[in-house]
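Text of model-v4.txt, listed as compact mmCIF, N, CA and C atoms:
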```txt
# COMPACT_ATOMS: atom_id res chain seq x y z
N ASN B 1 117.87 44.06 90.74
CA ASN B 1 117.96 45.34 90.09
C ASN B 1 116.75 46.18 90.48
N ALA B 2 117.01 47.25 91.17
CA ALA B 2 115.93 48.09 91.69
C ALA B 2 115.09 48.70 90.57
N THR B 3 115.73 49.10 89.49
CA THR B 3 114.99 49.70 88.37
C THR B 3 114.05 48.69 87.74
N LEU B 4 114.52 47.48 87.50
CA LEU B 4 113.69 46.44 86.92
C LEU B 4 112.51 46.11 87.83
N MET B 5 112.76 45.98 89.11
CA MET B 5 111.67 45.68 90.06
C MET B 5 110.64 46.81 90.08
N ARG B 6 111.11 48.04 90.06
CA ARG B 6 110.19 49.18 90.06
C ARG B 6 109.34 49.18 88.79
N GLU B 7 109.97 48.97 87.64
CA GLU B 7 109.23 48.96 86.38
C GLU B 7 108.22 47.82 86.33
N LEU B 8 108.62 46.64 86.77
CA LEU B 8 107.67 45.52 86.82
C LEU B 8 106.50 45.84 87.73
N SER B 9 106.78 46.42 88.88
CA SER B 9 105.73 46.73 89.85
C SER B 9 104.72 47.74 89.30
N THR B 10 105.19 48.68 88.50
CA THR B 10 104.27 49.69 87.97
C THR B 10 103.49 49.17 86.76
N ARG B 11 104.00 48.15 86.09
CA ARG B 11 103.36 47.67 84.87
C ARG B 11 102.51 46.40 85.05
N MET B 12 102.73 45.69 86.13
CA MET B 12 102.01 44.43 86.33
C MET B 12 100.75 44.66 87.16
N PRO B 13 99.68 43.92 86.85
CA PRO B 13 98.45 44.07 87.61
C PRO B 13 98.47 43.32 88.94
N CYS B 14 99.59 42.72 89.26
CA CYS B 14 99.70 41.95 90.50
C CYS B 14 100.90 42.44 91.30
N LYS B 15 101.00 41.98 92.53
CA LYS B 15 102.12 42.36 93.38
C LYS B 15 103.40 41.69 92.88
N VAL B 16 104.49 42.43 92.84
CA VAL B 16 105.78 41.90 92.41
C VAL B 16 106.72 41.90 93.60
N ASP B 17 107.19 40.72 93.98
CA ASP B 17 108.10 40.58 95.11
C ASP B 17 109.42 39.97 94.62
N PRO B 18 110.51 40.27 95.31
CA PRO B 18 111.77 39.62 94.95
C PRO B 18 111.71 38.12 95.23
N ILE B 19 112.48 37.34 94.51
CA ILE B 19 112.47 35.88 94.65
C ILE B 19 112.82 35.44 96.06
N GLU B 20 113.61 36.26 96.75
CA GLU B 20 114.00 35.92 98.12
C GLU B 20 112.79 35.84 99.05
N SER B 21 111.71 36.54 98.72
CA SER B 21 110.51 36.49 99.57
C SER B 21 109.85 35.11 99.52
N ALA B 22 110.20 34.31 98.52
CA ALA B 22 109.69 32.93 98.43
C ALA B 22 110.68 31.94 99.04
N GLY B 23 111.73 32.46 99.68
CA GLY B 23 112.70 31.59 100.33
C GLY B 23 113.80 31.08 99.42
N LEU B 24 113.92 31.66 98.22
CA LEU B 24 114.95 31.23 97.28
C LEU B 24 116.08 32.24 97.24
N ASN B 25 117.26 31.78 96.86
CA ASN B 25 118.43 32.64 96.75
C ASN B 25 118.50 33.17 95.32
N GLY B 26 118.32 34.47 95.16
CA GLY B 26 118.30 35.08 93.83
C GLY B 26 119.61 34.92 93.08
N ASP B 27 120.73 35.03 93.79
CA ASP B 27 122.03 34.86 93.13
C ASP B 27 122.21 33.44 92.61
N MET B 28 121.76 32.46 93.39
CA MET B 28 121.86 31.07 92.96
C MET B 28 120.98 30.83 91.73
N LEU B 29 119.77 31.36 91.76
CA LEU B 29 118.85 31.17 90.64
C LEU B 29 119.39 31.82 89.37
N GLU B 30 119.98 33.00 89.51
CA GLU B 30 120.58 33.68 88.35
C GLU B 30 121.74 32.86 87.78
N ALA B 31 122.58 32.32 88.65
CA ALA B 31 123.71 31.49 88.19
C ALA B 31 123.21 30.25 87.46
N GLN B 32 122.15 29.63 87.97
CA GLN B 32 121.59 28.45 87.32
C GLN B 32 121.02 28.81 85.95
N ALA B 33 120.37 29.95 85.85
CA ALA B 33 119.79 30.37 84.57
C ALA B 33 120.88 30.59 83.52
N PHE B 34 121.97 31.25 83.92
CA PHE B 34 123.06 31.48 82.97
C PHE B 34 123.73 30.16 82.58
N ALA B 35 123.86 29.24 83.51
CA ALA B 35 124.45 27.93 83.19
C ALA B 35 123.56 27.17 82.21
N TYR B 36 122.26 27.24 82.41
CA TYR B 36 121.30 26.59 81.52
C TYR B 36 121.42 27.16 80.10
N LEU B 37 121.45 28.49 80.01
CA LEU B 37 121.57 29.12 78.69
C LEU B 37 122.92 28.79 78.04
N ALA B 38 123.98 28.78 78.82
CA ALA B 38 125.31 28.44 78.29
C ALA B 38 125.33 27.02 77.75
N ALA B 39 124.70 26.09 78.44
CA ALA B 39 124.66 24.70 77.97
C ALA B 39 123.89 24.61 76.66
N ARG B 40 122.82 25.38 76.52
CA ARG B 40 122.05 25.36 75.28
C ARG B 40 122.90 25.90 74.12
N VAL B 41 123.67 26.94 74.37
CA VAL B 41 124.55 27.48 73.33
C VAL B 41 125.61 26.44 72.98
N LEU B 42 126.20 25.81 73.98
CA LEU B 42 127.24 24.80 73.76
C LEU B 42 126.75 23.68 72.86
N TYR B 43 125.49 23.26 73.03
CA TYR B 43 124.95 22.16 72.24
C TYR B 43 124.18 22.61 71.00
N GLY B 44 124.27 23.90 70.68
CA GLY B 44 123.63 24.41 69.47
C GLY B 44 122.12 24.46 69.53
N LEU B 45 121.57 24.57 70.72
CA LEU B 45 120.12 24.63 70.89
C LEU B 45 119.66 26.07 71.00
N PRO B 46 118.41 26.35 70.61
CA PRO B 46 117.92 27.73 70.72
C PRO B 46 117.79 28.17 72.18
N THR B 47 117.95 29.47 72.38
CA THR B 47 117.80 30.03 73.72
C THR B 47 116.56 30.91 73.84
N SER B 48 115.88 31.13 72.72
CA SER B 48 114.67 31.94 72.73
C SER B 48 113.74 31.43 71.64
N ALA B 49 112.44 31.53 71.88
CA ALA B 49 111.47 31.02 70.93
C ALA B 49 110.25 31.95 70.89
N PRO B 50 109.48 31.89 69.80
CA PRO B 50 108.31 32.77 69.68
C PRO B 50 107.35 32.66 70.87
N GLY B 51 107.15 31.48 71.38
CA GLY B 51 106.20 31.29 72.47
C GLY B 51 106.66 31.83 73.81
N THR B 52 107.96 32.09 73.95
CA THR B 52 108.45 32.58 75.24
C THR B 52 108.81 34.05 75.23
N THR B 53 109.36 34.54 74.13
CA THR B 53 109.79 35.94 74.09
C THR B 53 109.19 36.74 72.96
N GLY B 54 108.47 36.08 72.05
CA GLY B 54 107.86 36.79 70.94
C GLY B 54 108.77 37.01 69.74
N VAL B 55 109.97 36.43 69.75
CA VAL B 55 110.83 36.55 68.57
C VAL B 55 110.16 35.88 67.39
N PRO B 56 110.43 36.33 66.16
CA PRO B 56 109.75 35.75 65.00
C PRO B 56 110.07 34.27 64.77
N THR B 57 111.28 33.85 65.11
CA THR B 57 111.68 32.45 64.94
C THR B 57 112.66 32.09 66.06
N THR B 58 112.87 30.82 66.29
CA THR B 58 113.81 30.43 67.34
C THR B 58 115.20 30.97 67.03
N VAL B 59 115.88 31.40 68.07
CA VAL B 59 117.23 31.96 67.90
C VAL B 59 118.16 31.39 68.95
N GLY B 60 119.44 31.41 68.63
CA GLY B 60 120.46 30.96 69.57
C GLY B 60 120.96 32.11 70.42
N GLY B 61 121.84 31.78 71.35
CA GLY B 61 122.33 32.78 72.29
C GLY B 61 123.70 33.32 71.97
N GLY B 62 124.10 33.28 70.73
CA GLY B 62 125.41 33.81 70.38
C GLY B 62 126.37 32.71 69.98
N GLN B 63 127.64 32.97 70.22
CA GLN B 63 128.66 32.00 69.84
C GLN B 63 129.69 31.87 70.95
N ILE B 64 130.37 30.76 70.94
CA ILE B 64 131.43 30.52 71.91
C ILE B 64 132.74 30.97 71.27
N SER B 65 133.46 31.83 71.93
CA SER B 65 134.74 32.32 71.43
C SER B 65 135.86 31.74 72.27
N ARG B 66 136.81 31.13 71.59
CA ARG B 66 137.96 30.54 72.29
C ARG B 66 139.22 31.30 71.89
N PRO B 67 140.15 31.49 72.82
CA PRO B 67 141.39 32.20 72.47
C PRO B 67 142.25 31.36 71.54
N ASP B 68 143.08 32.04 70.77
CA ASP B 68 144.04 31.33 69.92
C ASP B 68 145.04 30.60 70.80
N PRO B 69 145.46 29.39 70.36
CA PRO B 69 146.44 28.64 71.18
C PRO B 69 147.80 29.32 71.23
```
Output the file's structure as structure tokens, nothing else.
Amino acid sequence: NATLMRELSTRMPCKVDPIESAGLNGDMLEAQAFAYLAARVLYGLPTSAPGTTGVPTTVGGGQISRPDP
């Protein structure tokens, strides 16, 4: 996301490069991150905590919705 990269670059005191510059595939990494978060939701585990995002208490990532049979 060009906007996100631009904002990070203007706000961070260090150089901000895309993950691909480290030899990693950004699309693959994004897919893995979403799979990790989905697994945490599936098992009822928190997806955010005060130490990582500053939320007041640990929170989950929503709910799983299944269609009616």
Checklist entry - How many Å separate CA of Val59 in chain B from CA of Ala2 in chain B? => result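 Rounded to one decimal, the two atoms are 28.8 Å apart.
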Checklist entry - So what do you get for CA of Arg40 in chain B versus CA of Asp27 in chain B, distance-wise? => result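 One can read the CA of Arg40 in chain B to CA of Asp27 in chain B distance as 20.2 Å.
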Enumerate, as an mmCIF file with N, CA and C atoms, keeping the file's coordinate frame, the complete set of residues in chain B that a backbone-based DSSP assignment places in alpha helix (DSSP H).
```cif
data_model
loop_
_atom_site.group_PDB
_atom_site.id
_atom_site.type_symbol
_atom_site.label_atom_id
_atom_site.label_comp_id
_atom_site.auth_asym_id
_atom_site.auth_seq_id
_atom_site.Cartn_x
_atom_site.Cartn_y
_atom_site.Cartn_z
ATOM 1 N N ALA B 2 117.010 47.250 91.170
ATOM 2 C CA ALA B 2 115.930 48.090 91.690
ATOM 3 C C ALA B 2 115.090 48.700 90.570
ATOM 4 N N THR B 3 115.730 49.100 89.490
ATOM 5 C CA THR B 3 114.990 49.700 88.370
ATOM 6 C C THR B 3 114.050 48.690 87.740
ATOM 7 N N LEU B 4 114.520 47.480 87.500
ATOM 8 C CA LEU B 4 113.690 46.440 86.920
ATOM 9 C C LEU B 4 112.510 46.110 87.830
ATOM 10 N N MET B 5 112.760 45.980 89.110
ATOM 11 C CA MET B 5 111.670 45.680 90.060
ATOM 12 C C MET B 5 110.640 46.810 90.080
ATOM 13 N N ARG B 6 111.110 48.040 90.060
ATOM 14 C CA ARG B 6 110.190 49.180 90.060
ATOM 15 C C ARG B 6 109.340 49.180 88.790
ATOM 16 N N GLU B 7 109.970 48.970 87.640
ATOM 17 C CA GLU B 7 109.230 48.960 86.380
ATOM 18 C C GLU B 7 108.220 47.820 86.330
ATOM 19 N N LEU B 8 108.620 46.640 86.770
ATOM 20 C CA LEU B 8 107.670 45.520 86.820
ATOM 21 C C LEU B 8 106.500 45.840 87.730
ATOM 22 N N SER B 9 106.780 46.420 88.880
ATOM 23 C CA SER B 9 105.730 46.730 89.850
ATOM 24 C C SER B 9 104.720 47.740 89.300
ATOM 25 N N THR B 10 105.190 48.680 88.500
ATOM 26 C CA THR B 10 104.270 49.690 87.970
ATOM 27 C C THR B 10 103.490 49.170 86.760
ATOM 28 N N ARG B 11 104.000 48.150 86.090
ATOM 29 C CA ARG B 11 103.360 47.670 84.870
ATOM 30 C C ARG B 11 102.510 46.400 85.050
ATOM 31 N N GLY B 26 118.320 34.470 95.160
ATOM 32 C CA GLY B 26 118.300 35.080 93.830
ATOM 33 C C GLY B 26 119.610 34.920 93.080
ATOM 34 N N ASP B 27 120.730 35.030 93.790
ATOM 35 C CA ASP B 27 122.030 34.860 93.130
ATOM 36 C C ASP B 27 122.210 33.440 92.610
ATOM 37 N N MET B 28 121.760 32.460 93.390
ATOM 38 C CA MET B 28 121.860 31.070 92.960
ATOM 39 C C MET B 28 120.980 30.830 91.730
ATOM 40 N N LEU B 29 119.770 31.360 91.760
ATOM 41 C CA LEU B 29 118.850 31.170 90.640
ATOM 42 C C LEU B 29 119.390 31.820 89.370
ATOM 43 N N GLU B 30 119.980 33.000 89.510
ATOM 44 C CA GLU B 30 120.580 33.680 88.350
ATOM 45 C C GLU B 30 121.740 32.860 87.780
ATOM 46 N N ALA B 31 122.580 32.320 88.650
ATOM 47 C CA ALA B 31 123.710 31.490 88.190
ATOM 48 C C ALA B 31 123.210 30.250 87.460
ATOM 49 N N GLN B 32 122.150 29.630 87.970
ATOM 50 C CA GLN B 32 121.590 28.450 87.320
ATOM 51 C C GLN B 32 121.020 28.810 85.950
ATOM 52 N N ALA B 33 120.370 29.950 85.850
ATOM 53 C CA ALA B 33 119.790 30.370 84.570
ATOM 54 C C ALA B 33 120.880 30.590 83.520
ATOM 55 N N PHE B 34 121.970 31.250 83.920
ATOM 56 C CA PHE B 34 123.060 31.480 82.970
ATOM 57 C C PHE B 34 123.730 30.160 82.580
ATOM 58 N N ALA B 35 123.860 29.240 83.510
ATOM 59 C CA ALA B 35 124.450 27.930 83.190
ATOM 60 C C ALA B 35 123.560 27.170 82.210
ATOM 61 N N TYR B 36 122.260 27.240 82.410
ATOM 62 C CA TYR B 36 121.300 26.590 81.520
ATOM 63 C C TYR B 36 121.420 27.160 80.100
ATOM 64 N N LEU B 37 121.450 28.490 80.010
ATOM 65 C CA LEU B 37 121.570 29.120 78.690
ATOM 66 C C LEU B 37 122.920 28.790 78.040
ATOM 67 N N ALA B 38 123.980 28.780 78.820
ATOM 68 C CA ALA B 38 125.310 28.440 78.290
ATOM 69 C C ALA B 38 125.330 27.020 77.750
ATOM 70 N N ALA B 39 124.700 26.090 78.440
ATOM 71 C CA ALA B 39 124.660 24.700 77.970
ATOM 72 C C ALA B 39 123.890 24.610 76.660
ATOM 73 N N ARG B 40 122.820 25.380 76.520
ATOM 74 C CA ARG B 40 122.050 25.360 75.280
ATOM 75 C C ARG B 40 122.900 25.900 74.120
ATOM 76 N N VAL B 41 123.670 26.940 74.370
ATOM 77 C CA VAL B 41 124.550 27.480 73.330
ATOM 78 C C VAL B 41 125.610 26.440 72.980
ATOM 79 N N LEU B 42 126.200 25.810 73.980
ATOM 80 C CA LEU B 42 127.240 24.800 73.760
ATOM 81 C C LEU B 42 126.750 23.680 72.860
ATOM 82 N N PRO B 50 109.480 31.890 69.800
ATOM 83 C CA PRO B 50 108.310 32.770 69.680
ATOM 84 C C PRO B 50 107.350 32.660 70.870
ATOM 85 N N GLY B 51 107.150 31.480 71.380
ATOM 86 C CA GLY B 51 106.200 31.290 72.470
ATOM 87 C C GLY B 51 106.660 31.830 73.810
ATOM 88 N N THR B 52 107.960 32.090 73.950
ATOM 89 C CA THR B 52 108.450 32.580 75.240
ATOM 90 C C THR B 52 108.810 34.050 75.230
ATOM 91 N N THR B 53 109.360 34.540 74.130
ATOM 92 C CA THR B 53 109.790 35.940 74.090
ATOM 93 C C THR B 53 109.190 36.740 72.960
#
```
Item to check | Residue contacts of Leu42 in chain B (8 Å, all atoms listed in the file) excluding same-chain residues fewer than 5 positions away, as a VMD selection string | outcome: chain B and resid 36 to 37 61 to 64
Checklist entry - Interatomic distance between atom C of Gly60 in chain B and atom N of Gly44 in chain B? => result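 Between atom C of Gly60 in chain B and atom N of Gly44 in chain B the gap is 8.9 Å.
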